[in-house]
Structures are given as structure tokens and as C-alpha cells.
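Engineer: Next up is a structure, given as C-alpha cells.
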Amino acid sequence: MKFAFVFPGQGSQSVGMMHAYGDAAVVRSTFDEASAALGRDLWQLAAEGPAEALSQTVNTQPLMLTAGVAVWRLWQERGGPMPAMVAGHSLGEYSALVAAGVVDLKDAVPLVELRARAMQEAVPAGEGAMAAILGMDVETIKAVCVDAAQGQVVQAVNFNAPEQTVIAGHAAAVQRAADACKAQGAKRAVLLPVSAPFHCSLMQPAADKLEQRLAALDLRGPIIPVLNNVDVVMEHESARIKDALVRQAAAPVRWVEIMRAMQAAGISHVFECGPGKVLSGVTRRCADGLAGAAINDLAGLEAALITVRD
């Protein structure tokens, strides 16, 4: 069978999330490595929280990167075969790149912390917002956003499933768009508890800072193809991978297209590598016939191993 791994981003974190993987030494050693690179104890933060600290972007991004890589290493340690391709949702793309050998974890952790700080600083607290629009087609949402902008920014930024799209931008414009979507028939329009309007054009200052940091890093060609967020393509050259990561910060996450591209490439199973089960939950909704499963605990890991070996 041909399978892929995907890595979750922000929103899948929870206090004690790594306890589900038992006392595997490789999980703890991965956190030790990341903590040393960052200069603070990520394991204690993941294990004890508090939840408010986990939800702060500057903590969430290094934590979820490390968690995804830790579970990937556990998969390898248990004899799991290599997937045909990998991808990650937003921040999760960095976990995918570590798994694919493009960048070392010790370099990726401070990189995503910088990314998090830059995103937080790009828009003053309270001035930006995001909202999930459920039960409305993408083209209608885009049209609503154009009308609701009124000189501000509001854009469709996360295409998570055909009936689940996230919008982001200035808080007032997001509220206008959310209200208009509900008025035009959306099942729900829910403001998200986030600290910045990720992936919209207001994140361009963050992209610029990210570009400066990436310029100083040496990236390698991937040993596993990585399907990226911004173009839904698999890049192999360092300069092109860097360019895609820079543009990703202020551009939409095209998750539906990523799932459909995997299906078109012959992938039959997609395994979510890390805490949570958000991505595995939308897999079939993105591409009918594509099976999704979460490796969010030891039982999930064992089930995935059985599936890929059958």
C-alpha cells in the first residue's frame, strides 16, 4: 500500500499530550534536544502546562514541531516503513521538513519560535481575528470577504475541508464577513481563540523576518517528498523550499488540494503523526476514498503499523 504522513499544527496541543505515548525514551530525548536548542524546558511545558501557556503562539509552535518529530522518531524506532510523501498543516510543514531530512530539529525549533514571535508582532493584540466558516462553499466565502473588507483585510486563509474554511484579517472585517456568511446560509461562523490573524496578507512583516532567518540556514534536499502548503508541489532545491516557507506565512493553507494531490498520486492511507486528530478527521471529507487515521497514542501507532504491513 502507498501511504503518507501528515503533521498537525497549532490547535492540537493539550496539557499532557505526550503521556499518550508512554515512557518511550526516543520521545523524551527528542524533547531534550529541542529544549537544549531553545534554552527552555519544553517537556515540562507539555507535561504540566498550564493550558494558557500552551496556547501562546511562541510556545505552541516549538511544542507542536517537537511533538510531531518525536512521534515520527518513535514510528521509525518501532520499525515503521517510510511513507511515500509527507505534508504538514501550516506549522506542521516544519515537522514534515525535519522528518524528510531537510532541516535538523536543533535548527528548526528556534526557527519556528522566531516565526511565532514575528507572527504575533505583525498585528497588535486585539486588532486581528480568525473565524471558521462551516457549511458554505469557498467561492461564496471569498466573495463575502471582498464585500466585507471595506478598506480593511479579510481573506479566506485555511481551506481545511470542502465545507470548512477559515477566514482571517482585521477583527472588524472578520466579524462583518462572519455575520454576512451566516446571513447568506452558512451553518456556523465561529470566531477562533487565536492571538493573530495567521496566513493572511497582514502576516507579510512576519514573512520578511522569516526570510532573513532562512537565508542563514542550510537546507538539504528531502529524502521523502514534501507536499507544501503554499503551492501544493514538492520542491527539492533549498532556495525553492525556503521561498515556499517564506510565502507560506502570509498565504493560505491549501489543505483540500493537498489531500486530493495525495490521492491523485496513488496514496490510499494518510496517517496524522502527532497529538490530536484534526487532520485525520477531515481526510475523507477532502478526498472521498482516502482513509485517515491518527497516531495520537501508542494504540494508534500500533494500529498504523499493522495497516501498513498488511
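Here, A, B, ... name the chains of the C-alpha cells in the order displayed, residue numbers run from 1 inside each chain, and ligands are numbered from 1 in the same displayed order.
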Per residue of range 225-294 of chain A within 12 Å of range 15-37 of chain A, record the nearest atom pair and its distance in Å to one decimal, counting only C-alpha atoms, with rows in chain order and ascending residue number, as JSON lines.

Structural biologist:
```
{"residue": "A:Cys273", "atom": "CA", "partner": "A:Tyr21", "partner_atom": "CA", "distance": 11.8}
{"residue": "A:Gly274", "atom": "CA", "partner": "A:Met18", "partner_atom": "CA", "distance": 8.8}
{"residue": "A:Pro275", "atom": "CA", "partner": "A:Met17", "partner_atom": "CA", "distance": 6.2}
{"residue": "A:Gly276", "atom": "CA", "partner": "A:Met17", "partner_atom": "CA", "distance": 8.3}
{"residue": "A:Lys277", "atom": "CA", "partner": "A:Met17", "partner_atom": "CA", "distance": 11.9}
```

Engineer: When you look at range 181-188 of chain A with a cut-off of 6 Å (counting only C-alpha atoms), what residues show up, excluding the ones that are within fewer than 5 positions of it in the same chain? I need them as a short mmCIF file (atom, residue, chain, number, x, y, z; two decimals) with N, CA and C atoms, in the first residue's frame.

Structural biologist:
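around10.cif, written as the output of this step:
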```cif
data_model
loop_
_atom_site.label_atom_id
_atom_site.label_comp_id
_atom_site.auth_asym_id
_atom_site.auth_seq_id
_atom_site.Cartn_x
_atom_site.Cartn_y
_atom_site.Cartn_z
N ILE A 133 -15.70 29.20 9.04
CA ILE A 133 -16.99 29.22 8.36
C ILE A 133 -17.34 27.80 7.96
N LEU A 134 -18.46 27.31 8.45
CA LEU A 134 -18.85 25.92 8.22
C LEU A 134 -20.11 25.86 7.36
N GLY A 135 -20.09 24.93 6.41
CA GLY A 135 -21.28 24.70 5.61
C GLY A 135 -21.52 25.72 4.52
N MET A 136 -20.45 26.27 3.96
CA MET A 136 -20.59 27.22 2.85
C MET A 136 -19.45 26.99 1.87
#
```

Engineer: Return the single residue from A:Val112, A:Val86, A:Ala100, A:Val233 that is closest to Leu38 in chain A, with distances computed using only C-alpha atoms.

Structural biologist: A:Val112

Engineer: As a list in words, please: the residues near range 258-261 of chain A (cut-off 10 Å, only C-alpha atoms, same-chain neighbours under 4 positions excluded).

Structural biologist: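 The neighbour list is Ala4, Val6, Ala87, Gly88, His89, Phe159, Asn160, Ala161, Leu227, Asn228, Asn229, Val230, Asp231, Val232, Val233, Val253, Arg254, Ala265, Gly266, Ile267, Val270, Val282, Thr283, Arg284, Arg285, Cys286, Ala287, Asp288 and Leu290 of chain A.
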
Engineer: Give me a file of those residues, with N, CA, C and O atoms, as a tab-separated table (two decimals), in the first residue's frame.

Structural biologist:
```tsv
chain	number	residue	atom	x	y	z
A	4	ALA	N	0.86	8.10	3.27
A	4	ALA	CA	1.51	9.38	3.55
A	4	ALA	C	1.38	9.70	5.03
A	4	ALA	O	0.48	9.22	5.72
A	6	VAL	N	1.08	13.06	7.67
A	6	VAL	CA	0.83	14.50	7.79
A	6	VAL	C	1.04	14.91	9.24
A	6	VAL	O	0.82	14.12	10.16
A	87	ALA	N	3.42	15.81	4.49
A	87	ALA	CA	2.96	17.19	4.44
A	87	ALA	C	2.65	17.61	5.87
A	87	ALA	O	2.56	16.77	6.77
A	88	GLY	N	2.48	18.90	6.08
A	88	GLY	CA	2.10	19.39	7.40
A	88	GLY	C	1.20	20.58	7.27
A	88	GLY	O	1.32	21.38	6.32
A	89	HIS	N	0.29	20.73	8.22
A	89	HIS	CA	-0.66	21.84	8.17
A	89	HIS	C	-0.03	23.07	8.82
A	89	HIS	O	0.21	23.09	10.02
A	159	PHE	N	-8.08	26.36	3.86
A	159	PHE	CA	-9.08	25.54	3.18
A	159	PHE	C	-8.96	24.12	3.74
A	159	PHE	O	-8.31	23.26	3.17
A	160	ASN	N	-9.59	23.89	4.89
A	160	ASN	CA	-9.38	22.66	5.66
A	160	ASN	C	-10.21	21.49	5.17
A	160	ASN	O	-9.80	20.33	5.29
A	161	ALA	N	-11.38	21.77	4.64
A	161	ALA	CA	-12.28	20.76	4.10
A	161	ALA	C	-13.26	21.50	3.20
A	161	ALA	O	-13.39	22.73	3.31
A	227	LEU	N	4.99	17.69	0.28
A	227	LEU	CA	3.98	18.44	-0.46
A	227	LEU	C	3.69	19.72	0.32
A	227	LEU	O	3.18	19.66	1.44
A	228	ASN	N	4.03	20.87	-0.25
A	228	ASN	CA	3.96	22.09	0.55
A	228	ASN	C	2.58	22.74	0.56
A	228	ASN	O	1.71	22.43	-0.25
A	229	ASN	N	2.39	23.65	1.50
A	229	ASN	CA	1.10	24.32	1.71
A	229	ASN	C	0.78	25.35	0.65
A	229	ASN	O	-0.36	25.46	0.20
A	230	VAL	N	1.80	26.12	0.27
A	230	VAL	CA	1.52	27.34	-0.49
A	230	VAL	C	1.29	27.08	-1.97
A	230	VAL	O	0.50	27.78	-2.62
A	231	ASP	N	1.96	26.07	-2.53
A	231	ASP	CA	1.83	25.78	-3.96
A	231	ASP	C	1.28	24.39	-4.25
A	231	ASP	O	0.97	24.07	-5.40
A	232	VAL	N	1.20	23.54	-3.22
A	232	VAL	CA	0.80	22.14	-3.37
A	232	VAL	C	1.72	21.43	-4.37
A	232	VAL	O	1.28	20.75	-5.29
A	233	VAL	N	3.01	21.64	-4.18
A	233	VAL	CA	4.01	20.98	-5.02
A	233	VAL	C	5.13	20.45	-4.12
A	233	VAL	O	5.24	20.82	-2.95
A	253	VAL	N	-3.41	28.15	3.52
A	253	VAL	CA	-3.08	26.72	3.64
A	253	VAL	C	-4.09	25.96	2.77
A	253	VAL	O	-5.28	25.93	3.07
A	254	ARG	N	-3.58	25.31	1.73
A	254	ARG	CA	-4.46	24.68	0.73
A	254	ARG	C	-4.63	23.18	1.03
A	254	ARG	O	-4.28	22.31	0.24
A	265	ALA	N	-1.85	10.91	-6.50
A	265	ALA	CA	-0.54	10.26	-6.58
A	265	ALA	C	-0.58	8.79	-6.16
A	265	ALA	O	0.45	8.13	-6.12
A	266	GLY	N	-1.77	8.30	-5.86
A	266	GLY	CA	-1.93	6.89	-5.52
A	266	GLY	C	-1.91	6.58	-4.03
A	266	GLY	O	-1.91	5.40	-3.64
A	267	ILE	N	-1.91	7.62	-3.19
A	267	ILE	CA	-1.96	7.41	-1.74
A	267	ILE	C	-3.34	6.87	-1.36
A	267	ILE	O	-4.36	7.40	-1.79
A	270	VAL	N	-3.67	8.04	4.90
A	270	VAL	CA	-2.96	9.20	5.43
A	270	VAL	C	-2.97	9.09	6.95
A	270	VAL	O	-4.02	8.99	7.57
A	282	VAL	N	-10.57	15.18	8.85
A	282	VAL	CA	-11.06	15.82	7.62
A	282	VAL	C	-10.57	15.13	6.35
A	282	VAL	O	-10.96	15.52	5.25
A	283	THR	N	-9.73	14.10	6.50
A	283	THR	CA	-9.12	13.48	5.32
A	283	THR	C	-10.15	12.99	4.31
A	283	THR	O	-10.10	13.35	3.13
A	284	ARG	N	-11.08	12.17	4.75
A	284	ARG	CA	-12.07	11.61	3.83
A	284	ARG	C	-12.98	12.69	3.26
A	284	ARG	O	-13.46	12.58	2.12
A	285	ARG	N	-13.22	13.74	4.05
A	285	ARG	CA	-14.07	14.82	3.55
A	285	ARG	C	-13.38	15.61	2.45
A	285	ARG	O	-14.04	16.21	1.59
A	286	CYS	N	-12.05	15.61	2.46
A	286	CYS	CA	-11.30	16.31	1.41
A	286	CYS	C	-11.22	15.50	0.13
A	286	CYS	O	-11.26	16.05	-0.97
A	287	ALA	N	-11.06	14.19	0.29
A	287	ALA	CA	-10.89	13.31	-0.87
A	287	ALA	C	-11.59	11.99	-0.59
A	287	ALA	O	-11.10	11.17	0.20
A	288	ASP	N	-12.73	11.78	-1.19
A	288	ASP	CA	-13.53	10.58	-0.95
A	288	ASP	C	-12.72	9.33	-1.32
A	288	ASP	O	-12.13	9.24	-2.39
A	290	LEU	N	-10.08	8.32	0.44
A	290	LEU	CA	-8.79	8.43	1.13
A	290	LEU	C	-9.03	8.17	2.61
A	290	LEU	O	-9.86	8.82	3.24
```

Engineer: Contacts of Leu214 in chain A at 8 Å or less, counting only C-alpha atoms, minus same-chain residues fewer than 3 places along, as a PyMOL selection string?

Structural biologist: chain A and resi 111+210-211+217+242

Engineer: May I have the residues from that selection written out with N, CA, C and O atoms, as a PDB file, in the first residue's frame?

Structural biologist:
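Listed below is the output, result-v3.pdb:
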```
ATOM      1  N   LEU A 111      13.910  28.388  14.740  1.00  0.00           N
ATOM      2  CA  LEU A 111      13.323  28.999  13.551  1.00  0.00           C
ATOM      3  C   LEU A 111      11.821  29.204  13.734  1.00  0.00           C
ATOM      4  O   LEU A 111      11.288  30.281  13.438  1.00  0.00           O
ATOM      5  N   LEU A 210      11.107  36.043   8.558  1.00  0.00           N
ATOM      6  CA  LEU A 210      11.393  34.640   8.327  1.00  0.00           C
ATOM      7  C   LEU A 210      12.386  34.479   7.176  1.00  0.00           C
ATOM      8  O   LEU A 210      13.293  33.635   7.231  1.00  0.00           O
ATOM      9  N   GLU A 211      12.222  35.298   6.161  1.00  0.00           N
ATOM     10  CA  GLU A 211      13.131  35.239   5.014  1.00  0.00           C
ATOM     11  C   GLU A 211      14.568  35.528   5.440  1.00  0.00           C
ATOM     12  O   GLU A 211      15.514  34.862   4.986  1.00  0.00           O
ATOM     13  N   LEU A 217      20.304  29.726   6.962  1.00  0.00           N
ATOM     14  CA  LEU A 217      20.235  28.282   7.214  1.00  0.00           C
ATOM     15  C   LEU A 217      20.577  27.486   5.960  1.00  0.00           C
ATOM     16  O   LEU A 217      20.226  27.874   4.849  1.00  0.00           O
ATOM     17  N   LYS A 242      12.940  27.272   0.758  1.00  0.00           N
ATOM     18  CA  LYS A 242      12.953  28.484   1.577  1.00  0.00           C
ATOM     19  C   LYS A 242      11.903  29.483   1.095  1.00  0.00           C
ATOM     20  O   LYS A 242      11.163  30.068   1.898  1.00  0.00           O
TER      21      LYS A 242
END
```

Engineer: Kindly provide the residues of range 88-164 of chain A that approach range 194-201 of chain A to within 7 Å, each paired with its closest atom pair and their distance in Å to one decimal, based on only C-alpha atoms, listed by chain and increasing number, as CSV.

Structural biologist:
```
residue,atom,partner,partner_atom,distance
A:Met119,CA,A:Ala196,CA,6.9
A:Gln120,CA,A:Ala196,CA,5.8
A:Val123,CA,A:Ala196,CA,6.7
A:Ala125,CA,A:Ser195,CA,6.8
A:Gly128,CA,A:Pro197,CA,5.2
A:Ala129,CA,A:Pro197,CA,5.0
A:Met130,CA,A:Pro197,CA,5.6
A:Gln155,CA,A:Cys200,CA,6.3
A:Val157,CA,A:His199,CA,5.7
```

Engineer: Those selected residues, please, written with N, CA and C atoms and delivered as a CSV table (one decimal), in the first residue's frame.

Structural biologist:
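File written: again.csv
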```csv
chain,number,residue,atom,x,y,z
A,119,MET,N,5.0,36.5,13.8
A,119,MET,CA,3.5,36.5,13.5
A,119,MET,C,2.8,37.2,14.6
A,120,GLN,N,3.1,37.0,15.9
A,120,GLN,CA,2.5,37.7,17.0
A,120,GLN,C,2.7,39.2,16.9
A,123,VAL,N,0.8,42.0,13.9
A,123,VAL,CA,-0.5,42.7,14.1
A,123,VAL,C,-0.7,42.9,15.6
A,125,ALA,N,-2.1,43.1,19.4
A,125,ALA,CA,-3.1,42.3,20.0
A,125,ALA,C,-4.4,42.9,20.0
A,128,GLY,N,-6.5,41.8,15.1
A,128,GLY,CA,-6.7,40.8,14.2
A,128,GLY,C,-7.6,39.7,14.7
A,129,ALA,N,-8.2,38.9,13.8
A,129,ALA,CA,-9.0,37.8,14.2
A,129,ALA,C,-9.1,36.7,13.1
A,130,MET,N,-9.6,35.6,13.5
A,130,MET,CA,-9.9,34.5,12.6
A,130,MET,C,-11.2,33.9,12.9
A,155,GLN,N,-9.7,37.7,4.5
A,155,GLN,CA,-9.4,36.7,3.4
A,155,GLN,C,-9.6,35.3,3.9
A,157,VAL,N,-8.2,31.8,4.4
A,157,VAL,CA,-6.8,31.5,4.6
A,157,VAL,C,-6.5,30.0,4.8
```

Engineer: Considering only C-alpha atoms, can you say which of A:Cys145, A:Leu45, A:Leu279, A:Ala131 comes closest to Phe7 in chain A?

Structural biologist: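 Answer, going by the shortest atom-to-atom distance: A:Leu279.
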
Engineer: Please report the interatomic distance between CA of Ala122 in chain A and CA of His170 in chain A in Å with one decimal.

Structural biologist: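 Value for the CA of Ala122 in chain A-CA of His170 in chain A distance: 11.8 Å.
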